[in-house]
$ cat target_33.cif   # mmCIF, C-alpha atoms
data_start
loop_
_atom_site.label_atom_id
_atom_site.label_comp_id
_atom_site.auth_asym_id
_atom_site.auth_seq_id
_atom_site.Cartn_x
_atom_site.Cartn_y
_atom_site.Cartn_z
CA MET A 1 75.04 50.56 41.19
CA GLN A 2 72.57 47.79 42.01
CA ILE A 3 69.42 48.41 44.01
CA LYS A 4 69.75 46.99 47.53
CA ASN A 5 67.39 44.07 48.28
CA ARG A 6 66.00 44.29 44.76
CA HIS A 7 64.45 40.82 45.10
CA LEU A 8 62.23 42.11 47.92
CA LEU A 9 60.74 44.88 45.78
CA LYS A 10 57.70 44.52 43.54
CA ASP A 11 57.81 45.28 39.82
CA TRP A 12 56.01 48.61 40.20
CA GLU A 13 58.48 49.66 42.94
CA ILE A 14 61.44 48.92 40.65
CA LYS A 15 59.71 50.89 37.90
CA THR A 16 59.16 53.82 40.29
CA ILE A 17 62.88 53.85 41.12
CA HIS A 18 63.87 53.80 37.45
CA THR A 19 61.36 56.54 36.63
CA THR A 20 62.65 58.75 39.45
CA ASP A 21 66.25 58.18 38.31
CA LEU A 22 65.35 59.10 34.73
CA LEU A 23 63.45 62.26 35.72
CA ASN A 24 66.27 63.18 38.10
CA PHE A 25 68.70 62.90 35.20
CA VAL A 26 66.46 65.06 32.98
CA GLY A 27 66.18 67.59 35.81
CA ASP A 28 69.99 67.71 36.24
CA PHE A 29 70.39 68.28 32.51
CA ASN A 30 67.95 71.19 32.63
CA VAL A 31 69.69 72.65 35.68
CA ILE A 32 73.09 72.46 33.93
CA LEU A 33 71.60 74.14 30.85
CA ALA A 34 69.96 76.88 32.95
CA PHE A 35 73.17 77.37 34.96
CA THR A 36 75.20 77.80 31.75
CA ILE A 37 72.79 80.21 30.04
CA LEU A 38 72.23 82.35 33.14
CA ASN A 39 75.96 82.71 33.75
CA ILE A 40 76.54 83.62 30.09
CA ILE A 41 74.08 86.51 30.40
CA GLY A 42 75.67 87.55 33.68
CA PHE A 43 72.97 86.34 36.06
CA ASN A 44 74.95 84.39 38.68
CA GLU A 45 73.00 85.27 41.82
CA ILE A 46 71.48 81.78 42.08
CA ASN A 47 74.68 79.75 41.55
CA ILE A 48 74.71 78.66 45.19
CA HIS A 49 71.21 77.28 44.75
CA PHE A 50 72.36 75.25 41.76
CA VAL A 51 75.14 73.72 43.88
CA ILE A 52 72.61 72.74 46.56
CA VAL A 53 70.39 71.19 43.89
CA PHE A 54 73.24 69.06 42.49
CA PHE A 55 74.04 67.79 45.96
CA LEU A 56 70.40 66.87 46.65
CA SER A 57 70.13 65.11 43.29
CA LEU A 58 72.93 62.78 44.46
CA VAL A 59 70.88 62.11 47.59
CA VAL A 60 67.97 61.09 45.33
CA PHE A 61 70.21 58.70 43.37
CA PHE A 62 71.73 57.01 46.44
CA ALA A 63 68.34 56.80 48.22
CA ASN A 64 67.02 54.92 45.19
CA ARG A 65 69.96 52.53 45.40
CA GLN A 66 68.80 51.71 48.93
CA GLY A 67 65.28 51.04 47.63
CA ARG A 68 63.86 54.08 49.46
CA TYR A 69 61.91 55.30 46.45
CA ILE A 70 59.27 57.29 48.39
CA PHE A 71 61.96 59.24 50.25
CA SER A 72 63.91 59.88 47.04
CA ALA A 73 60.74 61.02 45.23
CA TYR A 74 59.95 63.48 48.03
CA ILE A 75 63.52 64.86 47.86
CA PHE A 76 63.29 65.11 44.07
CA PHE A 77 60.08 67.15 44.22
CA ALA A 78 61.42 69.24 47.10
CA ILE A 79 64.38 70.13 44.87
CA GLY A 80 62.02 71.30 42.15
CA ASN A 81 59.95 73.34 44.60
CA TYR A 82 63.02 74.89 46.18
CA LEU A 83 64.82 75.84 42.96
CA LEU A 84 61.76 77.14 41.13
CA SER A 85 60.70 79.19 44.14
CA MET A 86 64.15 80.82 44.31
CA ILE A 87 64.13 81.60 40.58
CA VAL A 88 60.64 83.10 40.73
CA LEU A 89 61.48 85.23 43.77
CA LEU A 90 64.80 86.48 42.33
CA MET A 91 63.64 87.07 38.75
CA GLY A 92 60.07 88.12 39.48
CA LEU A 93 56.77 86.86 38.16
CA ASP A 94 57.22 88.56 34.81
CA SER A 95 60.17 86.27 34.02
CA TYR A 96 57.70 83.43 33.26
CA SER A 97 59.63 81.13 35.61
CA LEU A 98 56.34 79.76 36.96
CA MET A 99 56.01 77.82 33.70
CA TYR A 100 58.51 75.30 35.05
CA PHE A 101 55.89 74.08 37.52
CA PHE A 102 53.99 72.48 34.63
CA PRO A 103 56.64 69.83 33.79
CA ILE A 104 57.35 69.30 37.50
CA THR A 105 53.66 68.60 38.10
CA LEU A 106 53.75 66.07 35.23
CA SER A 107 56.66 64.40 37.02
CA VAL A 108 54.67 64.16 40.24
CA ILE A 109 51.73 62.55 38.45
CA HIS A 110 54.00 60.14 36.57
CA ILE A 111 55.82 58.91 39.69
CA PHE A 112 52.93 58.87 42.16
CA GLY A 113 50.06 58.26 39.73
CA ARG A 114 49.20 54.73 40.82
CA ARG A 115 46.96 53.10 43.42
CA GLU A 116 49.73 52.21 45.89
CA THR A 117 51.11 55.78 46.04
CA PHE A 118 47.94 57.77 45.41
CA ILE A 119 48.00 59.40 48.85
CA HIS A 120 51.48 60.82 48.09
CA LEU A 121 50.15 62.25 44.82
CA ILE A 122 47.40 64.08 46.72
CA VAL A 123 49.95 65.38 49.27
CA TRP A 124 52.24 66.77 46.59
CA LEU A 125 49.47 68.33 44.54
CA ILE A 126 48.36 70.15 47.70
CA ILE A 127 51.96 71.27 48.31
CA TYR A 128 52.23 72.55 44.73
CA PHE A 129 48.94 74.38 44.98
CA LEU A 130 49.98 76.08 48.21
CA ASN A 131 53.48 76.86 46.93
CA VAL A 132 52.31 78.43 43.67
CA GLY A 133 49.60 80.33 45.55
CA LEU A 134 52.17 81.76 47.98
CA LEU A 135 54.50 82.72 45.12
CA LEU A 136 51.73 84.51 43.25
CA PHE A 137 50.81 86.40 46.41
CA TYR A 138 54.25 87.02 47.96
CA ALA A 139 56.51 87.52 44.92
CA HIS A 140 55.08 91.04 44.36
CA PHE A 141 56.38 92.10 47.77
CA TYR A 142 59.78 90.48 47.41
CA GLN A 143 62.69 92.60 46.22
CA ALA A 144 63.65 90.77 43.04
CA ILE A 145 66.99 91.40 41.34
CA GLU A 146 66.67 94.13 38.77
CA LEU A 147 67.20 92.96 35.19
CA SER A 148 67.81 95.16 32.21
CA ASP A 149 65.17 95.02 29.49
CA ASP A 150 67.49 93.14 27.12
CA VAL A 151 68.42 90.55 29.76
CA LYS A 152 64.77 90.21 30.82
CA GLN A 153 63.71 89.44 27.24
CA ILE A 154 66.40 86.78 26.97
CA VAL A 155 65.32 85.26 30.29
CA ILE A 156 61.64 85.24 29.27
CA ARG A 157 62.38 83.54 25.93
CA PHE A 158 64.71 81.06 27.62
CA ASN A 159 62.16 80.19 30.31
CA ILE A 160 59.36 79.69 27.78
CA LEU A 161 61.49 77.47 25.51
CA LEU A 162 63.12 75.44 28.28
CA ALA A 163 59.85 74.89 30.17
CA PHE A 164 58.21 73.83 26.92
CA PHE A 165 60.94 71.38 25.93
CA CYS A 166 61.17 70.07 29.48
CA GLY A 167 57.42 69.35 29.39
CA VAL A 168 57.78 67.66 25.98
CA ALA A 169 60.65 65.53 27.30
CA ILE A 170 58.61 64.38 30.29
CA ILE A 171 55.59 63.64 28.08
CA ALA A 172 57.90 61.60 25.83
CA ILE A 173 59.19 59.69 28.87
CA ILE A 174 55.62 59.03 30.07
CA THR A 175 54.61 57.87 26.58
CA TRP A 176 57.62 55.59 26.24
CA ASN A 177 57.03 54.08 29.68
CA SER A 178 53.37 53.50 28.79
CA ILE A 179 54.38 51.75 25.54
CA THR A 180 56.91 49.50 27.29
CA LEU A 181 54.42 48.76 30.09
CA GLU A 182 51.70 47.89 27.58
CA GLU A 183 54.10 45.59 25.75
CA SER A 184 55.08 43.94 29.03
CA ILE A 185 51.41 43.44 29.97
CA ARG A 186 50.65 42.03 26.52
CA LYS A 187 53.57 39.60 26.81
CA LYS A 188 52.54 38.43 30.29
CA SER A 189 48.93 38.12 29.17
CA LYS A 190 50.00 35.94 26.25
CA GLU A 191 52.10 33.78 28.58
CA LYS A 192 49.13 33.35 30.92
CA GLU A 193 46.88 32.46 27.99
CA ILE A 194 49.33 29.76 26.92
CA LEU A 195 49.61 28.41 30.47
CA LEU A 196 45.82 28.44 30.89
CA ALA A 197 45.32 26.70 27.56
CA GLU A 198 47.90 24.09 28.54
CA LEU A 199 46.12 23.62 31.88
CA PHE A 200 42.76 23.03 30.18
CA HIS A 201 44.44 20.67 27.72
CA ARG A 202 46.06 18.60 30.48
CA VAL A 203 42.86 18.47 32.57
CA LYS A 204 40.90 17.36 29.50
CA ASN A 205 43.46 14.62 28.72
CA ASN A 206 43.41 13.37 32.32
CA LEU A 207 39.61 13.31 32.38
CA ASN A 208 39.57 11.45 29.07
CA LEU A 209 41.94 8.92 30.62
CA VAL A 210 39.54 8.46 33.53
CA THR A 211 36.70 8.05 31.01
CA SER A 212 38.61 5.31 29.22
CA LEU A 213 39.34 3.50 32.49
CA LEU A 214 35.66 3.62 33.47
CA ASN A 215 34.72 2.27 30.03
CA ILE A 216 37.13 -0.64 30.44
CA ARG A 217 35.81 -1.41 33.91
CA LYS A 218 32.20 -1.18 32.73
CA ASN A 219 32.82 -3.57 29.82
CA LYS A 220 34.38 -6.13 32.18
CA SER A 221 31.57 -5.93 34.72
CA ASN A 222 29.09 -8.81 34.95
CA SER A 223 26.61 -6.78 36.99
CA ALA A 224 24.09 -4.67 35.10
CA GLU A 225 23.70 -2.39 38.13
CA VAL A 226 27.46 -1.80 38.41
CA ALA A 227 27.74 -1.26 34.65
CA GLU A 228 24.96 1.34 34.78
CA ALA A 229 26.62 3.13 37.71
CA LEU A 230 29.96 3.15 35.88
CA GLU A 231 28.22 4.46 32.74
CA ASP A 232 26.72 7.32 34.75
CA CYS A 233 30.14 8.16 36.18
CA ARG A 234 31.68 7.95 32.73
CA ASN A 235 29.11 10.37 31.31
CA ARG A 236 29.72 12.86 34.12
CA VAL A 237 33.47 12.71 33.68
CA PHE A 238 33.04 13.06 29.92
CA SER A 239 30.92 16.19 30.37
CA MET A 240 33.66 17.75 32.53
CA ALA A 241 36.27 16.81 29.92
CA LEU A 242 34.08 18.33 27.22
CA VAL A 243 33.79 21.57 29.22
CA HIS A 244 37.58 21.85 29.49
CA ASP A 245 37.97 20.94 25.83
CA LYS A 246 35.62 23.79 24.85
CA LEU A 247 37.31 26.19 27.26
CA TYR A 248 40.64 25.33 25.65
CA ALA A 249 39.37 25.37 22.05
CA GLU A 250 37.61 28.72 22.14
CA ASN A 251 39.37 31.86 20.95
CA GLN A 252 38.23 33.42 24.21
CA ILE A 253 40.12 31.08 26.50
CA GLY A 254 38.37 30.61 29.83
CA LEU A 255 34.85 31.07 28.42
CA LEU A 256 32.56 28.16 27.54
CA ASN A 257 30.46 28.41 24.39
CA LEU A 258 27.28 26.83 25.74
CA ASN A 259 25.80 26.41 22.26
CA ASP A 260 28.65 24.21 21.01
CA PHE A 261 28.82 22.33 24.31
CA VAL A 262 25.14 21.32 24.23
CA ASP A 263 25.31 20.25 20.58
CA GLU A 264 28.35 18.00 21.15
CA LEU A 265 26.97 16.65 24.43
CA LEU A 266 23.72 15.60 22.71
CA HIS A 267 25.70 13.81 20.01
CA SER A 268 27.78 11.96 22.64
CA ILE A 269 24.73 10.88 24.68
CA GLU A 270 22.94 9.56 21.60
CA LEU A 271 26.08 7.70 20.57
CA ASN A 272 26.64 6.10 23.99
CA LEU A 273 23.02 5.24 24.79
CA GLY A 274 22.13 4.21 21.26
CA GLU A 275 18.92 6.24 21.35
CA GLU A 276 17.88 8.67 18.63
CA ALA A 277 15.45 11.46 19.44
CA GLU A 278 13.79 14.39 17.76
CA ILE A 279 15.73 17.34 19.15
CA ASP A 280 14.54 20.95 19.18
CA VAL A 281 17.29 23.21 20.54
CA GLN A 282 16.79 26.97 20.73
CA PHE A 283 19.30 29.56 21.93
CA SER A 284 18.78 33.29 22.38
CA GLY A 285 22.06 34.03 20.60
CA THR A 286 25.54 32.75 21.39
CA ILE A 287 25.85 32.22 25.14
CA TYR A 288 29.15 32.12 27.03
CA LEU A 289 29.76 30.95 30.59
CA SER A 290 32.65 31.88 32.84
CA LEU A 291 35.11 29.27 34.08
CA LYS A 292 33.47 29.26 37.53
CA LYS A 293 30.00 28.56 36.10
CA SER A 294 31.00 26.19 33.28
CA VAL A 295 31.64 22.89 35.10
CA PRO A 296 28.53 22.83 37.37
CA ALA A 297 26.27 24.08 34.54
CA GLY A 298 27.75 21.50 32.15
CA LEU A 299 27.25 18.69 34.65
CA ILE A 300 23.62 19.71 35.24
CA VAL A 301 22.83 19.77 31.51
CA ASN A 302 24.52 16.36 31.12
CA GLU A 303 22.56 14.89 34.05
CA LEU A 304 19.20 16.17 32.82
CA LEU A 305 19.71 15.08 29.20
CA THR A 306 21.01 11.66 30.24
CA ASN A 307 17.92 11.16 32.42
CA VAL A 308 15.68 12.16 29.52
CA TYR A 309 17.30 9.66 27.14
CA LYS A 310 17.22 6.90 29.77
CA HIS A 311 13.78 7.32 31.31
CA ALA A 312 11.57 9.36 28.96
CA LYS A 313 11.39 6.82 26.15
CA VAL A 314 7.92 5.33 25.62
CA GLU A 315 7.59 2.12 23.66
CA GLY A 316 6.30 2.76 20.14
CA GLN A 317 6.72 6.53 20.41
CA GLN A 318 9.42 8.82 19.03
CA LEU A 319 11.31 10.55 21.85
CA VAL A 320 11.01 14.36 21.53
CA VAL A 321 13.36 16.59 23.51
CA LYS A 322 13.00 20.36 23.60
CA ILE A 323 15.81 22.55 24.93
CA LEU A 324 15.42 26.30 25.37
CA ILE A 325 18.40 28.28 26.62
CA GLN A 326 17.96 32.02 27.06
CA HIS A 327 20.29 34.76 28.24
CA PHE A 328 18.60 37.72 29.87
CA ASP A 329 20.35 40.80 31.32
CA ASP A 330 22.20 39.01 34.14
CA GLU A 331 20.54 35.59 34.16
CA ILE A 332 20.60 32.39 32.16
CA SER A 333 17.57 30.12 31.92
CA ILE A 334 17.83 26.48 30.78
CA VAL A 335 14.55 24.62 30.15
CA ILE A 336 14.52 20.94 29.11
CA SER A 337 11.27 19.10 28.40
CA ASP A 338 10.33 15.74 26.92
CA ASN A 339 7.25 13.75 25.85
CA GLY A 340 7.90 10.83 28.20
CA PRO A 341 5.72 9.32 30.93
CA GLY A 342 6.53 12.06 33.42
CA PHE A 343 8.70 12.29 36.49
CA ASN A 344 8.62 9.94 39.46
CA LEU A 345 10.78 11.07 42.38
CA VAL A 346 10.66 7.73 44.15
CA LYS A 347 12.11 4.80 42.30
CA SER A 348 12.67 1.47 44.06
CA GLY A 349 12.05 3.24 47.36
CA GLU A 350 15.14 5.47 47.07
CA LYS A 351 15.60 9.12 46.19
CA ASN A 352 17.08 9.76 42.76
CA LEU A 353 20.80 10.36 43.35
CA GLY A 354 21.20 12.13 40.01
CA LEU A 355 18.69 14.79 41.03
CA GLU A 356 20.47 15.23 44.35
CA LEU A 357 23.61 15.99 42.36
CA VAL A 358 21.69 18.45 40.16
CA GLN A 359 20.30 20.27 43.20
CA SER A 360 23.76 20.44 44.79
CA LEU A 361 25.28 21.85 41.58
CA ALA A 362 22.43 24.37 41.29
CA ASP A 363 23.30 25.57 44.80
CA GLN A 364 26.93 26.01 43.67
CA LEU A 365 25.64 28.24 40.88
CA ASP A 366 23.47 30.19 43.35
CA GLY A 367 20.64 29.22 41.04
CA GLU A 368 17.17 27.71 41.25
CA PHE A 369 16.22 24.29 39.91
CA SER A 370 12.79 22.75 39.53
CA LEU A 371 11.53 19.52 37.99
CA VAL A 372 7.79 19.05 37.47
CA ASN A 373 5.45 17.07 35.27
CA ASN A 374 4.43 19.06 32.22
CA HIS A 375 0.69 19.82 32.49
CA THR A 376 0.30 21.04 28.90
CA GLN A 377 1.60 17.79 27.46
CA THR A 378 3.02 14.50 28.65
CA GLY A 379 6.55 14.39 29.97
CA ALA A 380 8.71 16.22 32.50
CA LEU A 381 9.80 19.86 32.54
CA ALA A 382 13.16 20.77 34.12
CA THR A 383 14.10 24.43 34.65
CA LEU A 384 17.41 25.88 35.83
CA THR A 385 18.04 29.60 36.28
CA PHE A 386 21.20 31.22 37.62
CA LYS A 387 22.95 34.59 37.66
CA VAL A 388 25.93 35.32 35.42
#

$ encode --input "target_33.cif" --output "structure tokens"
Amino acid sequence: MQIKNRHLLKDWEIKTIHTTDLLNFVGDFNVILAFTILNIIGFNEINIHFVIVFFLSLVVFFANRQGRYIFSAYIFFAIGNYLLSMIVLLMGLDSYSLMYFFPITLSVIHIFGRRETFIHLIVWLIIYFLNVGLLLFYAHFYQAIELSDDVKQIVIRFNILLAFFCGVAIIAIITWNSITLEESIRKKSKEKEILLAELFHRVKNNLNLVTSLLNIRKNKSNSAEVAEALEDCRNRVFSMALVHDKLYAENQIGLLNLNDFVDELLHSIELNLGEEAEIDVQFSGTIYLSLKKSVPAGLIVNELLTNVYKHAKVEGQQLVVKILIQHFDDEISIVISDNGPGFNLVKSGEKNLGLELVQSLADQLDGEFSLVNNHTQTGALATLTFKV
């Protein structure tokens, strides 16, 4: 029978229904086996209880078909409590019937052992604790059915073996479910990796297309000012494309290798601006950035390095650029310095738009940015720090 309104249920709810059905089936098998053995040895005083249990197990099955998995689970555990209590009271504590509560408790944990149903797990563990406590206290005063020594020995051995194998069966079910769940998670994770990689790949291709269009428009422009503005835009778009390319290329998809990014960005800037410099790049190990931090951090590094190559060159002097990137406990520090003429905030009476962009991106990173003239040597000193 199909589960009613299955499409409205979540995956974990469907799994809970299947788990309850499976444990209900295992429970019915154990009840049939116990019913057969007990009747063979002449102990038929609890036959009526077995009939009630079979009826309630059908209620569990049909409740699951209606998608009422919490109700069916409560009925399933109530069956276990009811039957085991009757057996303990009729056979006495020395029959070892209390051992059956171990596999039943495993069943409770397996069905309700998740965040969405955790409160039900607590409720049933309290019920079990109270029930077993009452049985241990009250069973001594209850008039149990007298069993001959031979029958009692058979019952004890049967209870030990059946409780043991029942526990093993439930552990096997839990293990198998865990294996299938792990395989399902691995498969979905792989699918998401492929989709994410494809997303990065498509974004990179689209950004490269925009870069090409900007290049074409720049080459056709007769205005030096427009060409420079288009070149700045092209460099910014290229840096974003490079970020997504590195996010896609890394084995750890979704993490940007900042070391590789800076190296390739420097090569691209030198190639586009036609300016060679003496570069000193230092990293405190391999540094990775999350997807959220990668684009703004990449744009800032691109903006600062582009400004250095454009404005720090002094006629007759080799351009020297020093880059120090360090990763502390929960913070990344990026320091870029040069040997140029220093920093002038006001140029042609207007505020530097590139630095406005850098400050805005630093705010996105919840970081701090500063740009000052280097007092120990000529040139400017830019520092960016942000939490990771």

$ closest_residue --input "target_33.cif" --among "A:Glu368, A:Glu13, A:Asp149, A:Asp329" --to "Gly67 in chain A" --atoms "only C-alpha atoms"
A:Glu13

$ closest_residue --input "target_33.cif" --among "A:Lys152, A:His120, A:Lys204, A:His140" --to "Phe77 in chain A" --atoms "only C-alpha atoms"
A:His120

$ closest_atom_pairs --input "target_33.cif" --of "range 251-272 of chain A" --to "range 231-238 of chain A" --cutoff "10 Å" --atoms "only C-alpha atoms" --output "JSON lines"
{"residue": "A:Leu265", "atom": "CA", "partner": "A:Phe238", "partner_atom": "CA", "distance": 8.9}
{"residue": "A:Ser268", "atom": "CA", "partner": "A:Asn235", "partner_atom": "CA", "distance": 8.9}
{"residue": "A:Ile269", "atom": "CA", "partner": "A:Asn235", "partner_atom": "CA", "distance": 8.0}
{"residue": "A:Asn272", "atom": "CA", "partner": "A:Asn235", "partner_atom": "CA", "distance": 8.8}

$ resolve_selection --input "target_33.cif" --expression "the PyMOL selection byres ((chain A and resi 159) around 12)" --output "PyMOL selection string"
chain A and resi 30-31+33-34+37-38+84+87-88+91+93-101+152-158+160-167

$ resolve_selection --input "target_33.cif" --expression "the PyMOL selection byres ((chain A and resi 323) around 9)" --output "PyMOL selection string"
chain A and resi 279-283+321-322+324-325+334-338

$ resolve_selection --input "target_33.cif" --expression "the PyMOL selection byres ((chain A and resi 286-301) around 7)" --output "tab-separated table (two decimals) with C-alpha atoms, keeping the file's coordinate frame"
chain	number	residue	atom	x	y	z
A	236	ARG	CA	29.72	12.86	34.12
A	239	SER	CA	30.92	16.19	30.37
A	240	MET	CA	33.66	17.75	32.53
A	243	VAL	CA	33.79	21.57	29.22
A	254	GLY	CA	38.37	30.61	29.83
A	255	LEU	CA	34.85	31.07	28.42
A	256	LEU	CA	32.56	28.16	27.54
A	257	ASN	CA	30.46	28.41	24.39
A	258	LEU	CA	27.28	26.83	25.74
A	259	ASN	CA	25.80	26.41	22.26
A	284	SER	CA	18.78	33.29	22.38
A	285	GLY	CA	22.06	34.03	20.60
A	302	ASN	CA	24.52	16.36	31.12
A	303	GLU	CA	22.56	14.89	34.05
A	304	LEU	CA	19.20	16.17	32.82
A	305	LEU	CA	19.71	15.08	29.20
A	327	HIS	CA	20.29	34.76	28.24
A	358	VAL	CA	21.69	18.45	40.16
A	361	LEU	CA	25.28	21.85	41.58
A	365	LEU	CA	25.64	28.24	40.88

$ build_atoms --input "target_33.cif" --residues "range 132-151 of chain A" --atoms "N, CA, C and O atoms" --output "PDB file, keeping the file's coordinate frame"
ATOM      1  N   VAL A 132      52.556  77.488  44.778  1.00  0.00           N
ATOM      2  CA  VAL A 132      52.310  78.430  43.670  1.00  0.00           C
ATOM      3  C   VAL A 132      51.428  79.576  44.153  1.00  0.00           C
ATOM      4  O   VAL A 132      51.654  80.742  43.782  1.00  0.00           O
ATOM      5  N   GLY A 133      50.450  79.263  45.007  1.00  0.00           N
ATOM      6  CA  GLY A 133      49.600  80.330  45.550  1.00  0.00           C
ATOM      7  C   GLY A 133      50.402  81.343  46.353  1.00  0.00           C
ATOM      8  O   GLY A 133      50.208  82.562  46.209  1.00  0.00           O
ATOM      9  N   LEU A 134      51.323  80.857  47.191  1.00  0.00           N
ATOM     10  CA  LEU A 134      52.170  81.760  47.980  1.00  0.00           C
ATOM     11  C   LEU A 134      53.080  82.591  47.087  1.00  0.00           C
ATOM     12  O   LEU A 134      53.303  83.787  47.338  1.00  0.00           O
ATOM     13  N   LEU A 135      53.627  81.980  46.040  1.00  0.00           N
ATOM     14  CA  LEU A 135      54.500  82.720  45.120  1.00  0.00           C
ATOM     15  C   LEU A 135      53.732  83.823  44.398  1.00  0.00           C
ATOM     16  O   LEU A 135      54.232  84.948  44.239  1.00  0.00           O
ATOM     17  N   LEU A 136      52.531  83.496  43.945  1.00  0.00           N
ATOM     18  CA  LEU A 136      51.730  84.510  43.250  1.00  0.00           C
ATOM     19  C   LEU A 136      51.380  85.674  44.177  1.00  0.00           C
ATOM     20  O   LEU A 136      51.314  86.839  43.749  1.00  0.00           O
ATOM     21  N   PHE A 137      51.171  85.352  45.448  1.00  0.00           N
ATOM     22  CA  PHE A 137      50.810  86.400  46.410  1.00  0.00           C
ATOM     23  C   PHE A 137      52.034  87.154  46.926  1.00  0.00           C
ATOM     24  O   PHE A 137      52.038  88.389  47.024  1.00  0.00           O
ATOM     25  N   TYR A 138      53.130  86.432  47.239  1.00  0.00           N
ATOM     26  CA  TYR A 138      54.250  87.020  47.960  1.00  0.00           C
ATOM     27  C   TYR A 138      55.320  87.606  47.040  1.00  0.00           C
ATOM     28  O   TYR A 138      56.040  88.536  47.428  1.00  0.00           O
ATOM     29  N   ALA A 139      55.426  87.072  45.813  1.00  0.00           N
ATOM     30  CA  ALA A 139      56.510  87.520  44.920  1.00  0.00           C
ATOM     31  C   ALA A 139      56.419  89.007  44.609  1.00  0.00           C
ATOM     32  O   ALA A 139      57.441  89.657  44.354  1.00  0.00           O
ATOM     33  N   HIS A 140      55.230  89.605  44.632  1.00  0.00           N
ATOM     34  CA  HIS A 140      55.080  91.040  44.360  1.00  0.00           C
ATOM     35  C   HIS A 140      55.736  91.881  45.439  1.00  0.00           C
ATOM     36  O   HIS A 140      56.191  93.005  45.171  1.00  0.00           O
ATOM     37  N   PHE A 141      55.816  91.345  46.660  1.00  0.00           N
ATOM     38  CA  PHE A 141      56.380  92.100  47.770  1.00  0.00           C
ATOM     39  C   PHE A 141      57.865  91.817  47.987  1.00  0.00           C
ATOM     40  O   PHE A 141      58.506  92.449  48.817  1.00  0.00           O
ATOM     41  N   TYR A 142      58.374  90.839  47.245  1.00  0.00           N
ATOM     42  CA  TYR A 142      59.780  90.480  47.410  1.00  0.00           C
ATOM     43  C   TYR A 142      60.641  91.336  46.494  1.00  0.00           C
ATOM     44  O   TYR A 142      60.283  91.611  45.345  1.00  0.00           O
ATOM     45  N   GLN A 143      61.796  91.738  47.008  1.00  0.00           N
ATOM     46  CA  GLN A 143      62.690  92.600  46.220  1.00  0.00           C
ATOM     47  C   GLN A 143      63.474  91.731  45.242  1.00  0.00           C
ATOM     48  O   GLN A 143      64.519  91.174  45.579  1.00  0.00           O
ATOM     49  N   ALA A 144      62.962  91.566  44.040  1.00  0.00           N
ATOM     50  CA  ALA A 144      63.650  90.770  43.040  1.00  0.00           C
ATOM     51  C   ALA A 144      64.855  91.532  42.485  1.00  0.00           C
ATOM     52  O   ALA A 144      64.926  92.754  42.557  1.00  0.00           O
ATOM     53  N   ILE A 145      65.806  90.789  41.940  1.00  0.00           N
ATOM     54  CA  ILE A 145      66.990  91.400  41.340  1.00  0.00           C
ATOM     55  C   ILE A 145      66.576  92.132  40.065  1.00  0.00           C
ATOM     56  O   ILE A 145      65.844  91.588  39.235  1.00  0.00           O
ATOM     57  N   GLU A 146      67.031  93.343  39.946  1.00  0.00           N
ATOM     58  CA  GLU A 146      66.670  94.130  38.770  1.00  0.00           C
ATOM     59  C   GLU A 146      67.398  93.600  37.537  1.00  0.00           C
ATOM     60  O   GLU A 146      68.597  93.355  37.561  1.00  0.00           O
ATOM     61  N   LEU A 147      66.632  93.412  36.463  1.00  0.00           N
ATOM     62  CA  LEU A 147      67.200  92.960  35.190  1.00  0.00           C
ATOM     63  C   LEU A 147      66.969  94.035  34.142  1.00  0.00           C
ATOM     64  O   LEU A 147      65.918  94.680  34.114  1.00  0.00           O
ATOM     65  N   SER A 148      67.987  94.219  33.315  1.00  0.00           N
ATOM     66  CA  SER A 148      67.810  95.160  32.210  1.00  0.00           C
ATOM     67  C   SER A 148      66.773  94.596  31.245  1.00  0.00           C
ATOM     68  O   SER A 148      66.498  93.395  31.239  1.00  0.00           O
ATOM     69  N   ASP A 149      66.210  95.465  30.432  1.00  0.00           N
ATOM     70  CA  ASP A 149      65.170  95.020  29.490  1.00  0.00           C
ATOM     71  C   ASP A 149      65.688  93.953  28.538  1.00  0.00           C
ATOM     72  O   ASP A 149      64.975  92.986  28.229  1.00  0.00           O
ATOM     73  N   ASP A 150      66.930  94.134  28.058  1.00  0.00           N
ATOM     74  CA  ASP A 150      67.490  93.140  27.120  1.00  0.00           C
ATOM     75  C   ASP A 150      67.662  91.789  27.796  1.00  0.00           C
ATOM     76  O   ASP A 150      67.304  90.741  27.225  1.00  0.00           O
ATOM     77  N   VAL A 151      68.211  91.802  29.024  1.00  0.00           N
ATOM     78  CA  VAL A 151      68.420  90.550  29.760  1.00  0.00           C
ATOM     79  C   VAL A 151      67.067  89.906  30.080  1.00  0.00           C
ATOM     80  O   VAL A 151      66.893  88.691  29.982  1.00  0.00           O
TER      81      VAL A 151
END
